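Visitor: Got a file for you: model36.cif, mmCIF, N, CA and C atoms.
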data_model
#
loop_
_atom_site.label_atom_id
_atom_site.label_comp_id
_atom_site.auth_asym_id
_atom_site.auth_seq_id
_atom_site.Cartn_x
_atom_site.Cartn_y
_atom_site.Cartn_z
N MET A 1200 -61.41 -23.12 -29.14
CA MET A 1200 -62.03 -23.99 -30.10
C MET A 1200 -63.23 -24.66 -29.45
N SER A 1201 -64.35 -24.58 -30.07
CA SER A 1201 -65.55 -25.20 -29.49
C SER A 1201 -65.82 -26.53 -30.18
N THR A 1202 -66.38 -27.42 -29.42
CA THR A 1202 -66.73 -28.72 -29.99
C THR A 1202 -68.19 -28.68 -30.39
N PRO A 1203 -68.50 -29.36 -31.45
CA PRO A 1203 -69.91 -29.35 -31.87
C PRO A 1203 -70.77 -30.02 -30.80
N SER A 1204 -71.88 -29.40 -30.55
CA SER A 1204 -72.75 -29.97 -29.52
C SER A 1204 -73.46 -31.19 -30.08
N SER A 1205 -73.65 -32.17 -29.22
CA SER A 1205 -74.34 -33.37 -29.67
C SER A 1205 -75.83 -33.08 -29.73
N PRO A 1206 -76.51 -33.76 -30.63
CA PRO A 1206 -77.95 -33.51 -30.74
C PRO A 1206 -78.65 -33.97 -29.47
N PRO A 1207 -79.76 -33.37 -29.15
CA PRO A 1207 -80.50 -33.80 -27.96
C PRO A 1207 -80.94 -35.25 -28.13
N PRO A 1208 -81.03 -35.97 -27.03
CA PRO A 1208 -81.45 -37.37 -27.14
C PRO A 1208 -82.82 -37.48 -27.78
N ALA A 1209 -82.96 -38.44 -28.64
CA ALA A 1209 -84.24 -38.63 -29.32
C ALA A 1209 -85.28 -39.09 -28.31
N GLY A 1210 -86.45 -38.51 -28.39
CA GLY A 1210 -87.53 -38.91 -27.50
C GLY A 1210 -88.08 -40.26 -27.92
N GLN A 1211 -88.87 -40.80 -27.06
CA GLN A 1211 -89.52 -42.08 -27.36
C GLN A 1211 -91.03 -41.88 -27.25
N PRO A 1212 -91.60 -41.14 -28.18
CA PRO A 1212 -93.02 -40.78 -28.05
C PRO A 1212 -93.96 -41.97 -28.06
N ARG A 1213 -93.55 -43.10 -28.63
CA ARG A 1213 -94.43 -44.25 -28.73
C ARG A 1213 -94.18 -45.28 -27.63
N ASN A 1214 -93.21 -45.01 -26.74
CA ASN A 1214 -92.91 -45.94 -25.66
C ASN A 1214 -93.60 -45.47 -24.38
N PRO A 1215 -94.67 -46.16 -23.96
CA PRO A 1215 -95.40 -45.70 -22.77
C PRO A 1215 -94.60 -45.82 -21.47
N LEU A 1216 -93.50 -46.57 -21.49
CA LEU A 1216 -92.67 -46.69 -20.29
C LEU A 1216 -91.65 -45.56 -20.18
N HIS A 1217 -91.43 -44.84 -21.28
CA HIS A 1217 -90.44 -43.77 -21.27
C HIS A 1217 -90.85 -42.67 -20.29
N GLY A 1218 -89.95 -42.37 -19.37
CA GLY A 1218 -90.20 -41.31 -18.40
C GLY A 1218 -90.99 -41.77 -17.19
N LYS A 1219 -91.42 -43.02 -17.16
CA LYS A 1219 -92.16 -43.55 -16.02
C LYS A 1219 -91.18 -44.13 -15.01
N THR A 1220 -91.37 -43.82 -13.76
CA THR A 1220 -90.55 -44.43 -12.72
C THR A 1220 -91.18 -45.75 -12.32
N LEU A 1221 -90.35 -46.63 -11.80
CA LEU A 1221 -90.86 -47.91 -11.32
C LEU A 1221 -91.89 -47.69 -10.22
N GLN A 1222 -91.65 -46.70 -9.39
CA GLN A 1222 -92.59 -46.41 -8.31
C GLN A 1222 -93.96 -46.03 -8.87
N SER A 1223 -94.00 -45.17 -9.88
CA SER A 1223 -95.30 -44.78 -10.43
C SER A 1223 -95.99 -45.95 -11.10
N ILE A 1224 -95.22 -46.86 -11.72
CA ILE A 1224 -95.81 -48.04 -12.35
C ILE A 1224 -96.45 -48.93 -11.29
N VAL A 1225 -95.73 -49.20 -10.22
CA VAL A 1225 -96.26 -50.05 -9.14
C VAL A 1225 -97.49 -49.40 -8.52
N GLU A 1226 -97.44 -48.10 -8.28
CA GLU A 1226 -98.58 -47.40 -7.67
C GLU A 1226 -99.81 -47.45 -8.58
N GLU A 1227 -99.61 -47.26 -9.88
CA GLU A 1227 -100.74 -47.31 -10.82
C GLU A 1227 -101.32 -48.71 -10.92
N LEU A 1228 -100.45 -49.72 -10.94
CA LEU A 1228 -100.94 -51.11 -10.97
C LEU A 1228 -101.73 -51.44 -9.71
N GLU A 1229 -101.23 -51.01 -8.57
CA GLU A 1229 -101.92 -51.27 -7.31
C GLU A 1229 -103.27 -50.57 -7.27
N ALA A 1230 -103.32 -49.34 -7.78
CA ALA A 1230 -104.58 -48.61 -7.79
C ALA A 1230 -105.59 -49.26 -8.74
N TYR A 1231 -105.12 -49.80 -9.84
CA TYR A 1231 -106.00 -50.39 -10.84
C TYR A 1231 -106.47 -51.79 -10.43
N TYR A 1232 -105.52 -52.63 -10.00
CA TYR A 1232 -105.84 -54.02 -9.68
C TYR A 1232 -106.06 -54.28 -8.19
N GLY A 1233 -105.35 -53.56 -7.33
CA GLY A 1233 -105.33 -53.88 -5.91
C GLY A 1233 -104.27 -54.95 -5.67
N TRP A 1234 -103.79 -55.07 -4.44
CA TRP A 1234 -102.70 -56.00 -4.14
C TRP A 1234 -103.08 -57.45 -4.40
N ALA A 1235 -104.32 -57.83 -4.04
CA ALA A 1235 -104.73 -59.23 -4.19
C ALA A 1235 -104.73 -59.65 -5.66
N ALA A 1236 -105.33 -58.86 -6.52
CA ALA A 1236 -105.38 -59.19 -7.95
C ALA A 1236 -103.99 -59.09 -8.58
N LEU A 1237 -103.20 -58.16 -8.10
CA LEU A 1237 -101.82 -58.01 -8.59
C LEU A 1237 -101.02 -59.26 -8.24
N ALA A 1238 -101.22 -59.80 -7.04
CA ALA A 1238 -100.53 -61.02 -6.63
C ALA A 1238 -100.98 -62.22 -7.44
N GLU A 1239 -102.25 -62.22 -7.89
CA GLU A 1239 -102.73 -63.30 -8.75
C GLU A 1239 -102.07 -63.22 -10.12
N GLN A 1240 -101.92 -62.00 -10.63
CA GLN A 1240 -101.31 -61.81 -11.94
C GLN A 1240 -99.83 -62.15 -11.93
N ILE A 1241 -99.13 -61.68 -10.89
CA ILE A 1241 -97.69 -61.91 -10.75
C ILE A 1241 -97.45 -62.41 -9.32
N PRO A 1242 -97.38 -63.73 -9.14
CA PRO A 1242 -97.27 -64.28 -7.78
C PRO A 1242 -95.85 -64.20 -7.21
N ILE A 1243 -95.51 -63.03 -6.71
CA ILE A 1243 -94.22 -62.83 -6.05
C ILE A 1243 -94.48 -62.35 -4.63
N ARG A 1244 -93.57 -62.67 -3.73
CA ARG A 1244 -93.79 -62.41 -2.30
C ARG A 1244 -94.07 -60.95 -1.98
N CYS A 1245 -93.42 -60.03 -2.68
CA CYS A 1245 -93.64 -58.62 -2.35
C CYS A 1245 -95.07 -58.17 -2.68
N PHE A 1246 -95.81 -58.97 -3.46
CA PHE A 1246 -97.22 -58.67 -3.72
C PHE A 1246 -98.15 -59.52 -2.86
N THR A 1247 -97.67 -60.66 -2.39
CA THR A 1247 -98.55 -61.58 -1.67
C THR A 1247 -98.43 -61.47 -0.15
N LEU A 1248 -97.24 -61.23 0.35
CA LEU A 1248 -97.00 -61.24 1.80
C LEU A 1248 -96.70 -59.83 2.29
N ASP A 1249 -97.65 -59.24 2.99
CA ASP A 1249 -97.52 -57.88 3.52
C ASP A 1249 -97.06 -56.89 2.43
N PRO A 1250 -97.87 -56.74 1.38
CA PRO A 1250 -97.45 -55.92 0.24
C PRO A 1250 -97.37 -54.43 0.56
N SER A 1251 -96.38 -53.80 -0.04
CA SER A 1251 -96.25 -52.34 0.03
C SER A 1251 -95.45 -51.88 -1.18
N VAL A 1252 -95.57 -50.62 -1.48
CA VAL A 1252 -94.82 -50.07 -2.62
C VAL A 1252 -93.33 -50.18 -2.34
N ASN A 1253 -92.90 -49.83 -1.11
CA ASN A 1253 -91.47 -49.85 -0.80
C ASN A 1253 -90.86 -51.24 -0.91
N SER A 1254 -91.55 -52.26 -0.37
CA SER A 1254 -90.99 -53.61 -0.46
C SER A 1254 -90.97 -54.08 -1.90
N SER A 1255 -91.97 -53.70 -2.66
CA SER A 1255 -92.01 -54.08 -4.07
C SER A 1255 -90.86 -53.43 -4.84
N LEU A 1256 -90.61 -52.16 -4.58
CA LEU A 1256 -89.53 -51.47 -5.28
C LEU A 1256 -88.17 -52.10 -4.97
N LYS A 1257 -87.94 -52.44 -3.71
CA LYS A 1257 -86.66 -53.07 -3.34
C LYS A 1257 -86.47 -54.37 -4.10
N PHE A 1258 -87.50 -55.20 -4.15
CA PHE A 1258 -87.40 -56.47 -4.83
C PHE A 1258 -87.26 -56.29 -6.34
N LEU A 1259 -88.09 -55.46 -6.93
CA LEU A 1259 -88.11 -55.31 -8.38
C LEU A 1259 -86.82 -54.69 -8.91
N ARG A 1260 -86.21 -53.82 -8.14
CA ARG A 1260 -84.95 -53.21 -8.59
C ARG A 1260 -83.81 -54.22 -8.63
N LYS A 1261 -83.91 -55.27 -7.83
CA LYS A 1261 -82.85 -56.29 -7.78
C LYS A 1261 -83.17 -57.51 -8.65
N THR A 1262 -84.37 -57.59 -9.19
CA THR A 1262 -84.82 -58.80 -9.87
C THR A 1262 -85.34 -58.46 -11.27
N PRO A 1263 -84.47 -58.51 -12.26
CA PRO A 1263 -84.87 -58.10 -13.62
C PRO A 1263 -86.06 -58.87 -14.19
N TRP A 1264 -86.15 -60.17 -13.96
CA TRP A 1264 -87.26 -60.93 -14.55
C TRP A 1264 -88.60 -60.48 -13.97
N ALA A 1265 -88.62 -60.16 -12.68
CA ALA A 1265 -89.87 -59.71 -12.05
C ALA A 1265 -90.24 -58.31 -12.55
N ARG A 1266 -89.23 -57.47 -12.71
CA ARG A 1266 -89.49 -56.12 -13.22
C ARG A 1266 -90.07 -56.19 -14.63
N GLU A 1267 -89.56 -57.10 -15.45
CA GLU A 1267 -90.10 -57.26 -16.81
C GLU A 1267 -91.56 -57.67 -16.77
N LYS A 1268 -91.91 -58.55 -15.85
CA LYS A 1268 -93.31 -58.98 -15.72
C LYS A 1268 -94.20 -57.81 -15.29
N VAL A 1269 -93.70 -57.00 -14.37
CA VAL A 1269 -94.47 -55.84 -13.90
C VAL A 1269 -94.65 -54.83 -15.05
N GLU A 1270 -93.59 -54.57 -15.79
CA GLU A 1270 -93.69 -53.64 -16.91
C GLU A 1270 -94.63 -54.17 -17.98
N SER A 1271 -94.59 -55.47 -18.22
CA SER A 1271 -95.48 -56.09 -19.20
C SER A 1271 -96.95 -55.97 -18.75
N LEU A 1272 -97.20 -56.21 -17.48
CA LEU A 1272 -98.56 -56.07 -16.95
C LEU A 1272 -99.01 -54.61 -17.03
N TYR A 1273 -98.11 -53.69 -16.80
CA TYR A 1273 -98.44 -52.26 -16.90
C TYR A 1273 -98.87 -51.92 -18.33
N LEU A 1274 -98.12 -52.42 -19.32
CA LEU A 1274 -98.48 -52.17 -20.72
C LEU A 1274 -99.84 -52.78 -21.04
N PHE A 1275 -100.09 -53.99 -20.53
CA PHE A 1275 -101.39 -54.64 -20.72
C PHE A 1275 -102.50 -53.78 -20.11
N MET A 1276 -102.26 -53.26 -18.89
CA MET A 1276 -103.24 -52.42 -18.21
C MET A 1276 -103.55 -51.18 -19.05
N LEU A 1277 -102.53 -50.56 -19.62
CA LEU A 1277 -102.76 -49.37 -20.45
C LEU A 1277 -103.61 -49.70 -21.67
N ARG A 1278 -103.32 -50.85 -22.32
CA ARG A 1278 -104.12 -51.26 -23.48
C ARG A 1278 -105.57 -51.52 -23.06
N GLU A 1279 -105.74 -52.17 -21.92
CA GLU A 1279 -107.07 -52.47 -21.41
C GLU A 1279 -107.84 -51.18 -21.11
N MET A 1280 -107.16 -50.21 -20.52
CA MET A 1280 -107.81 -48.93 -20.20
C MET A 1280 -108.22 -48.20 -21.47
N ARG A 1281 -107.35 -48.22 -22.49
CA ARG A 1281 -107.70 -47.59 -23.76
C ARG A 1281 -108.89 -48.27 -24.42
N ARG A 1282 -108.91 -49.60 -24.37
CA ARG A 1282 -110.00 -50.37 -24.95
C ARG A 1282 -111.32 -50.06 -24.24
N ASN A 1283 -111.27 -49.97 -22.92
CA ASN A 1283 -112.48 -49.68 -22.14
C ASN A 1283 -112.97 -48.25 -22.34
N ALA A 1284 -112.06 -47.34 -22.65
CA ALA A 1284 -112.43 -45.94 -22.84
C ALA A 1284 -113.13 -45.73 -24.19
N SER A 1285 -112.87 -46.62 -25.13
CA SER A 1285 -113.48 -46.47 -26.47
C SER A 1285 -114.92 -46.89 -26.50
#
Please render this file's structure as structure tokens.
Guide:
Amino acid sequence: MSTPSSPPPAGQPRNPLHGKTLQSIVEELEAYYGWAALAEQIPIRCFTLDPSVNSSLKFLRKTPWAREKVESLYLFMLREMRRNAS
């Protein structure tokens, strides 16, 4: 007897964070803003004191409020890039 297969998970075509890793988000933000400007936008130690992608990932994975701020800034950056491209 076979069980009915479940439908494939619905995609999130309108969610720009879907499929993005935290590492790629941090790397793109750093490339766009640089560490100094990133630290001004979100003043957390992993951006201000000896910043690196690895230290940022360790902190952001353990700190939900900081991760939300980073994701929010990433979405803002995407909107800004689209606006500048037009």
Visitor: Find the distance between atom CA of Pro1250 of chain A and atom CA of Glu1229 of chain A and write it in Å to one decimal.
Guide: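 About the pair atom CA of Pro1250 of chain A and atom CA of Glu1229 of chain A: they are 9.9 Å apart.
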Visitor: Any chance you could list, as an MDAnalysis selection string, the residues in chain A that come up alpha helix (DSSP H) when DSSP is run on the backbone?
Guide: chainID A and resid 1221:1240 1244:1247 1252:1261 1263:1284
Visitor: Please evaluate the PyMOL selection byres (((chain A and resi 1276 and name CA) around 12) and name CA) against the displayed coordinates and give the resulting residues as a VMD selection string.
Guide: chain A and resid 1215 1224 to 1225 1227 to 1232 1237 1240 1269 to 1275 1277 to 1283
Visitor: To one decimal place, how far is atom N of Val1252 of chain A from atom CA of His1217 of chain A in Å?
Guide: 21.6 Å
Visitor: Mind pulling up the distance from atom CA of Ala1235 of chain A to atom CA of Arg1266 of chain A?
Guide: 18.0 Å
Visitor: Which one is closest to Phe1246 of chain A: A:Trp1234, A:Arg1260, A:Gly1218, A:Arg1213? Count all atoms listed in the file.
Guide: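 Of the candidates, the smallest distance to Phe1246 of chain A is held by A:Trp1234.
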Visitor: Which of these, A:Ser1285, A:Lys1268, A:Gln1222, A:Ile1241, has the shortest distance to Asn1253 of chain A once you count all atoms listed in the file?
Guide: A:Gln1222
Visitor: For the structure provided, state which residues fall under the PyMOL selection byres (((chain A and resi 1244 and name CA) around 12) and name CA), and present them as an NGL selection string.
Guide: :A and (1234-1235 or 1237-1239 or 1241-1243 or 1245-1251 or 1254-1255 or 1257-1259 or 1265)
